[in-house]
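*Asks:* This is the structure I have questions about; it appears just below.
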Amino acid sequence: MTETVATPEADELARHAQKMAKKKAARDKIMAGKEGEKGLIIVHTGAGKGKSSSGFGMILRCIAHGMPCAVVQFIKGAWDTGERRLLTTHFSDLCQFHAMGEGFTWETQDKARDIAAARAGWEKAKELIRDPSIRMVLLDEINIALRYDYLDVGEVLAFLRSEKPPLTHVVLTGRNAKEELIEAADLVTEMTLVKHPFRAGIKGQPGVEF
């Protein structure tokens, strides 16, 4: 009979297996208590890049699951973005895309026009959110409209509380999210700026920025 000799490598593998088994048992116990479904209010904010990109990633997940969804763009409506091309060209049967903005406020230089565009975007957003067949609505850059008070955050939150269907997810993106919105949201992610090529004199790149 051949005797198995323990080695340091074998001991390390055994300890790792035991550690992972304990982690799995703890994780399974936590997951066993998670049963409910809920339509989430999701906020992506912060100075770093990736807020809209993350929101569009969620939209693509919905499409992959065959879930109807919609996008309302509050600021970048005048831009020819990759997301807009992809969704309107290939997935218009599952995703409605409404480009309501006319550019950043320093581009339009017309506050009344900016407010009108924001209001039109919000009216379209309410129409989409009220439709229970639409499972996710992305309100891209709405936080900018809220920041400049083109829209009233109290009105937006009151609508989401009273009229959003129970299983509808609403994603709100843009830097400087209002504290009231952060408090009311179920999921909040803040993108932190560490480094950005714009500061080195490099303009926005297709496929990265738009």
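Residues in the structure tokens are named by chain (A, B, ... in the order shown) and by number from 1 within that chain; ligands are numbered from 1 in the order shown.
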From segment 144-202 of chain A, collect each residue whose DSSP state is alpha helix (DSSP H) and return the set as a short mmCIF file (atom, residue, chain, number, x, y, z; two decimals) with C-alpha atoms, in the first residue's frame.

*Replies:*
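Contents of selection.cif, freshly written:
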```cif
data_model
loop_
_atom_site.label_atom_id
_atom_site.label_comp_id
_atom_site.auth_asym_id
_atom_site.auth_seq_id
_atom_site.Cartn_x
_atom_site.Cartn_y
_atom_site.Cartn_z
CA ILE A 144 -27.99 67.59 -15.53
CA ALA A 145 -31.51 68.89 -16.18
CA LEU A 146 -32.28 68.42 -12.49
CA ARG A 147 -29.04 70.10 -11.43
CA VAL A 153 -36.63 66.94 -8.47
CA GLY A 154 -39.67 66.83 -6.17
CA GLU A 155 -41.98 66.40 -9.15
CA VAL A 156 -39.81 63.64 -10.60
CA LEU A 157 -39.65 61.73 -7.31
CA ALA A 158 -43.36 62.12 -6.65
CA PHE A 159 -44.12 60.65 -10.07
CA LEU A 160 -41.74 57.71 -9.57
CA ARG A 161 -43.27 56.95 -6.18
CA SER A 162 -46.90 57.16 -7.30
CA GLU A 163 -46.98 56.09 -10.95
CA GLU A 179 -29.35 64.45 -2.70
CA GLU A 180 -33.10 63.83 -2.66
CA LEU A 181 -32.74 61.51 -5.65
CA ILE A 182 -29.83 59.64 -4.09
CA GLU A 183 -31.83 59.16 -0.90
CA ALA A 184 -34.86 57.81 -2.77
#
```

*Asks:* Near Met100 of chain A, within 6 Å and counting only C-alpha atoms, which residues show up once chain neighbours fewer than 2 positions away are dropped, as a list in words?

*Replies:*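 Within the cut-off, the hits are Gln73, Phe74, Gly77, His98 and Gly121 of chain A.
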
*Asks:* In Å to one decimal, how far is atom CA of His90 of chain A from atom CA of Leu172 of chain A?

*Replies:* 23.7 Å

*Asks:* Within 10 Å of segment 44-60 of chain A, which residues of segment 101-170 of chain A show up? Give each one with its shortest atom-to-atom distance in Å (one decimal) and the two atoms involved, counting only C-alpha atoms, rows by chain then rising residue number, as a tab-separated table.

*Replies:*
```
residue	atom	partner	partner_atom	distance
A:Arg135	CA	A:Ile59	CA	9.8
A:Met136	CA	A:Ile59	CA	7.3
A:Val137	CA	A:Ile59	CA	8.2
A:Leu138	CA	A:Gly55	CA	6.6
A:Leu139	CA	A:Gly55	CA	8.7
A:Asp140	CA	A:Ser52	CA	6.3
A:Glu141	CA	A:Ser52	CA	7.4
A:Asn143	CA	A:Thr45	CA	8.0
A:Val170	CA	A:Gly55	CA	9.8
```

*Asks:* Based on the selection just made, write N, CA and C atoms of those residues as an mmCIF file, in the first residue's frame.

*Replies:*
```cif
data_model
loop_
_atom_site.group_PDB
_atom_site.id
_atom_site.type_symbol
_atom_site.label_atom_id
_atom_site.label_comp_id
_atom_site.auth_asym_id
_atom_site.auth_seq_id
_atom_site.Cartn_x
_atom_site.Cartn_y
_atom_site.Cartn_z
ATOM 1 N N ARG A 135 -40.036 47.364 -19.415
ATOM 2 C CA ARG A 135 -39.434 46.910 -18.170
ATOM 3 C C ARG A 135 -38.322 47.818 -17.650
ATOM 4 N N MET A 136 -37.702 48.588 -18.529
ATOM 5 C CA MET A 136 -36.659 49.513 -18.086
ATOM 6 C C MET A 136 -36.698 50.772 -18.927
ATOM 7 N N VAL A 137 -36.547 51.926 -18.253
ATOM 8 C CA VAL A 137 -36.462 53.204 -18.946
ATOM 9 C C VAL A 137 -35.184 53.899 -18.485
ATOM 10 N N LEU A 138 -34.329 54.206 -19.441
ATOM 11 C CA LEU A 138 -33.087 54.919 -19.158
ATOM 12 C C LEU A 138 -33.304 56.406 -19.421
ATOM 13 N N LEU A 139 -33.126 57.222 -18.401
ATOM 14 C CA LEU A 139 -33.234 58.673 -18.518
ATOM 15 C C LEU A 139 -31.815 59.218 -18.539
ATOM 16 N N ASP A 140 -31.244 59.259 -19.729
ATOM 17 C CA ASP A 140 -29.830 59.579 -19.893
ATOM 18 C C ASP A 140 -29.579 61.070 -19.715
ATOM 19 N N GLU A 141 -28.714 61.406 -18.757
ATOM 20 C CA GLU A 141 -28.309 62.782 -18.443
ATOM 21 C C GLU A 141 -29.430 63.620 -17.828
ATOM 22 N N ASN A 143 -29.914 63.959 -14.790
ATOM 23 C CA ASN A 143 -29.376 64.628 -13.606
ATOM 24 C C ASN A 143 -28.873 66.034 -13.915
ATOM 25 N N VAL A 170 -36.072 52.135 -13.501
ATOM 26 C CA VAL A 170 -35.783 53.453 -14.069
ATOM 27 C C VAL A 170 -34.346 53.818 -13.716
#
```

*Asks:* Write out as a PyMOL selection string all residues of segment 11-183 of chain A that DSSP puts in strand (DSSP E) for this structure's backbone.

*Replies:* chain A and resi 41-45+69-73+95-99+136-140+169-173

*Asks:* Could those selected residues go to a file with C-alpha atoms, as a short mmCIF file (atom, residue, chain, number, x, y, z; two decimals), in the first residue's frame?

*Replies:*
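Final output, saved to out.cif:
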```
data_model
loop_
_atom_site.label_atom_id
_atom_site.label_comp_id
_atom_site.auth_asym_id
_atom_site.auth_seq_id
_atom_site.Cartn_x
_atom_site.Cartn_y
_atom_site.Cartn_z
CA ILE A 41 -34.69 53.29 -9.16
CA ILE A 42 -31.04 53.33 -10.22
CA VAL A 43 -28.74 56.37 -10.21
CA HIS A 44 -25.37 56.62 -11.95
CA THR A 45 -23.56 59.81 -11.01
CA CYS A 69 -37.15 48.96 -22.78
CA ALA A 70 -36.74 52.61 -23.71
CA VAL A 71 -34.21 55.45 -23.70
CA VAL A 72 -34.86 59.17 -23.30
CA GLN A 73 -31.80 61.36 -23.86
CA CYS A 95 -36.09 49.42 -27.44
CA GLN A 96 -37.67 52.81 -28.08
CA PHE A 97 -35.12 55.61 -28.44
CA HIS A 98 -36.11 59.24 -27.95
CA ALA A 99 -33.41 61.89 -28.39
CA MET A 136 -36.66 49.51 -18.09
CA VAL A 137 -36.46 53.20 -18.95
CA LEU A 138 -33.09 54.92 -19.16
CA LEU A 139 -33.23 58.67 -18.52
CA ASP A 140 -29.83 59.58 -19.89
CA HIS A 169 -36.68 49.78 -13.55
CA VAL A 170 -35.78 53.45 -14.07
CA VAL A 171 -32.14 54.46 -14.55
CA LEU A 172 -31.14 58.11 -14.12
CA THR A 173 -27.66 59.18 -15.22
#
```

*Asks:* From the options A:Glu37, A:Glu9, A:Asp152, A:Asp80, which residue's atoms come nearest to Gly207 of chain A, counting only C-alpha atoms?

*Replies:*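 Smallest distance to Gly207 of chain A is found for A:Asp80.
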
*Asks:* Give the answer as one residue: which of A:Ala25, A:Asp131, A:Ile63, A:Ala117 has the shortest atom-to-atom distance to Leu87 of chain A, using only C-alpha atoms?

*Replies:* A:Ile63
